[in-house]
Amino acid sequence: MSKGLLIVVSAPSGCGKGTILGEVLKDPAYYYSVSATTRAPREGEVNGVQYHFLTREQFEENIAQDMMLEYAEYCGNYYGTPLAPINENLENGRNVILEIEVQGAMQVRKLRPDAVFVFIAPPSVETLRERLVGRGTEPLDVIEERVAQAEREIGFAQQYDYIVVNDVLEEAISDFKAIVRAESCKVKQD
């Protein structure tokens, strides 16, 4: 059995990352890495589904024992990626998807140069703005903040191995799967 691929995926909010990954993850050859956090669960969140909810002491013990691939503290809470499920699934031949923001992805790039980095981008910033407005879920000032954040994140796209432009959803899903197929056929060089 061949080892799976660690696939690091980043995208600005509103780019369709969740929709693309939702389709990809229907295939049992993939495992979605669930992050850990010390923040309290929100209504409807289930431990082990949205996050692994840990106490601050548990999280810090995991850090001390090198059990986290990466982590950061944000607004007084830790967020990070548990290492054991990633390694276990990779060894069992499953491709592991790590959905993470760009700063975390750059940390992972230093630690795991064997990972495949995929950035999902909108066809344009204006299209992204239209999609966010079309959702009708946030006021315009929040949308403008998200668009400004997206522009900053898009600046990191060139540091990824691949960029998938989500203009036509079916094509973006196909492109993502083609990247994984190509990477799994690649002759590894040390």
# chains A, B, ... in the order shown; residues from 1 in each chain; ligands from 1
call {"tool": "select_by_dssp", "arguments": {"residues": "segment 1-188 of chain A", "states": "alpha helix (DSSP H)", "output": "PyMOL selection string"}}
result
chain A and resi 17-24+56-64+83-91+102-111+125-135+140-154+169-185
call {"tool": "residues_around", "arguments": {"residues": "Arg109 of chain A", "least_positions_apart": "5", "cutoff": "10 Å", "atoms": "only C-alpha atoms", "output": "PyMOL selection string"}}
result
chain A and resi 8+103-104+114-117+159-160
call {"tool": "atom_distance", "arguments": {"atom1": "atom CA of Pro28 of chain A", "atom2": "atom CA of Val164 of chain A"}}
result
22.0 Å
call {"tool": "closest_residue", "arguments": {"among": "A:Leu169, A:Leu54, A:Cys15, A:Leu98", "to": "Leu128 of chain A", "atoms": "only C-alpha atoms"}}
result
A:Cys15
call {"tool": "residues_around", "arguments": {"residues": "Cys75 of chain A", "least_positions_apart": "5", "cutoff": "12 Å", "atoms": "only C-alpha atoms", "output": "short mmCIF file (atom, residue, chain, number, x, y, z; two decimals) with C-alpha atoms, in the first residue's frame"}}
result
data_model
loop_
_atom_site.label_atom_id
_atom_site.label_comp_id
_atom_site.auth_asym_id
_atom_site.auth_seq_id
_atom_site.Cartn_x
_atom_site.Cartn_y
_atom_site.Cartn_z
CA THR A 37 -9.06 24.33 19.98
CA THR A 38 -9.34 25.52 23.55
CA ARG A 39 -12.35 27.72 22.83
#
call {"tool": "closest_residue", "arguments": {"among": "A:Val108, A:Glu43, A:Tyr79, A:Val142", "to": "Ile63 of chain A", "atoms": "only C-alpha atoms"}}
result
A:Tyr79
call {"tool": "residues_around", "arguments": {"residues": "Ser13 of chain A", "least_positions_apart": "2", "cutoff": "12 Å", "atoms": "only C-alpha atoms", "output": "JSON, numbers by chain"}}
result
{"A": [10, 11, 15, 16, 17, 18, 19, 100, 101, 102, 120, 121, 122, 125, 128, 129, 131, 132, 135, 142, 143, 144, 145, 146, 147, 148, 149, 150, 151, 152, 153, 154]}
call {"tool": "write_last_selection", "arguments": {"atoms": "C-alpha atoms", "output": "PDB file, in the first residue's frame"}}
result
ATOM      1  CA  SER A  10      -6.233  27.462   1.769  1.00  0.00           C
ATOM      2  CA  ALA A  11      -8.708  29.920   0.323  1.00  0.00           C
ATOM      3  CA  CYS A  15     -14.224  31.067  -2.713  1.00  0.00           C
ATOM      4  CA  GLY A  16     -16.180  27.820  -2.527  1.00  0.00           C
ATOM      5  CA  LYS A  17     -13.505  25.866  -0.666  1.00  0.00           C
ATOM      6  CA  GLY A  18     -16.091  24.079   1.477  1.00  0.00           C
ATOM      7  CA  THR A  19     -18.154  23.082  -1.538  1.00  0.00           C
ATOM      8  CA  ILE A 100      -5.909  25.950   7.023  1.00  0.00           C
ATOM      9  CA  GLU A 101      -5.409  29.690   6.684  1.00  0.00           C
ATOM     10  CA  VAL A 102      -2.332  30.959   4.853  1.00  0.00           C
ATOM     11  CA  ILE A 120      -8.349  27.994  -4.121  1.00  0.00           C
ATOM     12  CA  ALA A 121      -8.925  31.429  -5.624  1.00  0.00           C
ATOM     13  CA  PRO A 122     -11.916  33.318  -6.974  1.00  0.00           C
ATOM     14  CA  VAL A 125     -11.944  39.997  -6.368  1.00  0.00           C
ATOM     15  CA  LEU A 128     -15.788  37.243  -4.756  1.00  0.00           C
ATOM     16  CA  ARG A 129     -17.479  40.457  -3.590  1.00  0.00           C
ATOM     17  CA  ARG A 131     -20.688  36.058  -4.165  1.00  0.00           C
ATOM     18  CA  LEU A 132     -20.439  37.381  -0.609  1.00  0.00           C
ATOM     19  CA  ARG A 135     -25.199  35.147   0.210  1.00  0.00           C
ATOM     20  CA  VAL A 142     -18.243  42.892   7.078  1.00  0.00           C
ATOM     21  CA  ILE A 143     -18.200  41.891   3.407  1.00  0.00           C
ATOM     22  CA  GLU A 144     -15.683  44.644   2.660  1.00  0.00           C
ATOM     23  CA  GLU A 145     -13.487  43.409   5.538  1.00  0.00           C
ATOM     24  CA  ARG A 146     -13.659  39.885   4.094  1.00  0.00           C
ATOM     25  CA  VAL A 147     -12.755  41.156   0.621  1.00  0.00           C
ATOM     26  CA  ALA A 148      -9.779  43.089   2.023  1.00  0.00           C
ATOM     27  CA  GLN A 149      -8.651  39.959   3.903  1.00  0.00           C
ATOM     28  CA  ALA A 150      -9.083  37.914   0.718  1.00  0.00           C
ATOM     29  CA  GLU A 151      -6.845  40.323  -1.194  1.00  0.00           C
ATOM     30  CA  ARG A 152      -4.141  39.883   1.471  1.00  0.00           C
ATOM     31  CA  GLU A 153      -4.495  36.076   1.332  1.00  0.00           C
ATOM     32  CA  ILE A 154      -4.394  36.017  -2.469  1.00  0.00           C
TER      33      ILE A 154
END
call {"tool": "residues_around", "arguments": {"residues": "Asp175 of chain A", "least_positions_apart": "6", "cutoff": "10 Å", "atoms": "only C-alpha atoms", "output": "count of residues only"}}
result
7
call {"tool": "atom_distance", "arguments": {"atom1": "atom CA of Val133 of chain A", "atom2": "atom CA of Glu170 of chain A"}}
result
22.1 Å
call {"tool": "closest_residue", "arguments": {"among": "A:Asp167, A:Asn87, A:Phe176, A:Ser124", "to": "Arg112 of chain A", "atoms": "only C-alpha atoms"}}
result
A:Asn87
call {"tool": "select_by_dssp", "arguments": {"residues": "segment 21-183 of chain A", "states": "strand (DSSP E)", "output": "ChimeraX atom specification"}}
result
/A:30-32,36-37,52-53,68-74,77-82,95-99,116-121,162-165
call {"tool": "write_last_selection", "arguments": {"atoms": "N, CA and C atoms", "output": "short mmCIF file (atom, residue, chain, number, x, y, z; two decimals), in the first residue's frame"}}
result
data_model
loop_
_atom_site.label_atom_id
_atom_site.label_comp_id
_atom_site.auth_asym_id
_atom_site.auth_seq_id
_atom_site.Cartn_x
_atom_site.Cartn_y
_atom_site.Cartn_z
N TYR A 30 -9.98 9.85 1.10
CA TYR A 30 -9.58 11.11 1.72
C TYR A 30 -9.99 11.14 3.18
N TYR A 31 -9.17 11.83 3.98
CA TYR A 31 -9.47 12.07 5.38
C TYR A 31 -9.35 13.57 5.62
N TYR A 32 -10.35 14.14 6.29
CA TYR A 32 -10.34 15.56 6.62
C TYR A 32 -9.78 15.73 8.02
N ALA A 36 -7.91 21.21 16.51
CA ALA A 36 -8.18 21.26 17.95
C ALA A 36 -8.23 22.71 18.39
N THR A 37 -8.98 22.98 19.43
CA THR A 37 -9.06 24.33 19.98
C THR A 37 -9.35 24.29 21.47
N HIS A 52 -11.78 19.37 17.78
CA HIS A 52 -11.52 18.61 18.99
C HIS A 52 -11.41 19.68 20.07
N PHE A 53 -12.35 19.69 21.01
CA PHE A 53 -12.35 20.71 22.06
C PHE A 53 -11.52 20.21 23.24
N MET A 68 1.37 18.25 18.07
CA MET A 68 0.67 19.17 17.17
C MET A 68 1.56 19.45 15.96
N LEU A 69 0.98 19.35 14.78
CA LEU A 69 1.73 19.71 13.57
C LEU A 69 2.02 21.20 13.57
N GLU A 70 1.00 21.99 13.87
CA GLU A 70 1.15 23.44 13.97
C GLU A 70 0.09 23.92 14.93
N TYR A 71 0.31 25.12 15.47
CA TYR A 71 -0.69 25.71 16.35
C TYR A 71 -0.43 27.21 16.44
N ALA A 72 -1.46 27.91 16.89
CA ALA A 72 -1.35 29.34 17.11
C ALA A 72 -2.32 29.71 18.21
N GLU A 73 -2.04 30.85 18.85
CA GLU A 73 -2.97 31.36 19.84
C GLU A 73 -3.64 32.58 19.23
N TYR A 74 -4.96 32.60 19.29
CA TYR A 74 -5.73 33.68 18.69
C TYR A 74 -6.85 34.06 19.65
N ASN A 77 -7.28 31.90 22.77
CA ASN A 77 -7.50 30.45 22.62
C ASN A 77 -6.48 29.86 21.67
N TYR A 78 -6.11 28.62 21.93
CA TYR A 78 -5.24 27.88 21.03
C TYR A 78 -6.07 27.25 19.92
N TYR A 79 -5.47 27.18 18.74
CA TYR A 79 -6.02 26.45 17.59
C TYR A 79 -4.85 25.69 17.00
N GLY A 80 -5.06 24.45 16.60
CA GLY A 80 -3.95 23.71 16.02
C GLY A 80 -4.38 22.41 15.38
N THR A 81 -3.38 21.72 14.83
CA THR A 81 -3.61 20.50 14.07
C THR A 81 -2.96 19.31 14.77
N PRO A 82 -3.79 18.39 15.30
CA PRO A 82 -3.23 17.18 15.92
C PRO A 82 -2.48 16.33 14.90
N ASN A 95 -5.36 10.01 1.63
CA ASN A 95 -4.93 11.39 1.42
C ASN A 95 -5.56 12.24 2.51
N VAL A 96 -4.75 13.03 3.19
CA VAL A 96 -5.21 13.86 4.30
C VAL A 96 -5.34 15.30 3.83
N ILE A 97 -6.54 15.85 4.00
CA ILE A 97 -6.77 17.25 3.66
C ILE A 97 -6.70 18.08 4.92
N LEU A 98 -5.82 19.05 4.89
CA LEU A 98 -5.65 19.99 5.99
C LEU A 98 -6.11 21.35 5.48
N GLU A 99 -7.28 21.78 5.92
CA GLU A 99 -7.84 23.07 5.52
C GLU A 99 -7.38 24.10 6.54
N VAL A 116 1.49 18.75 -0.28
CA VAL A 116 1.07 19.40 -1.52
C VAL A 116 0.20 20.58 -1.11
N PHE A 117 0.55 21.78 -1.60
CA PHE A 117 -0.14 23.00 -1.20
C PHE A 117 -1.02 23.51 -2.34
N VAL A 118 -2.33 23.62 -2.05
CA VAL A 118 -3.31 24.04 -3.06
C VAL A 118 -4.03 25.28 -2.55
N PHE A 119 -4.02 26.33 -3.35
CA PHE A 119 -4.73 27.56 -3.03
C PHE A 119 -5.94 27.66 -3.93
N ILE A 120 -7.12 27.83 -3.34
CA ILE A 120 -8.35 27.99 -4.12
C ILE A 120 -8.65 29.48 -4.19
N ALA A 121 -8.76 29.99 -5.40
CA ALA A 121 -8.93 31.43 -5.62
C ALA A 121 -10.22 31.71 -6.38
N TYR A 162 0.00 24.80 -6.25
CA TYR A 162 -1.06 24.87 -7.26
C TYR A 162 -2.07 25.93 -6.87
N ILE A 163 -2.68 26.53 -7.89
CA ILE A 163 -3.79 27.45 -7.69
C ILE A 163 -4.96 26.90 -8.50
N VAL A 164 -6.09 26.68 -7.83
CA VAL A 164 -7.31 26.26 -8.49
C VAL A 164 -8.24 27.46 -8.48
N VAL A 165 -8.61 27.95 -9.66
CA VAL A 165 -9.53 29.08 -9.76
C VAL A 165 -10.95 28.51 -9.82
#
call {"tool": "closest_residue", "arguments": {"among": "A:Val180, A:Val24, A:Pro12, A:Glu88", "to": "Pro123 of chain A", "atoms": "only C-alpha atoms"}}
result
A:Pro12
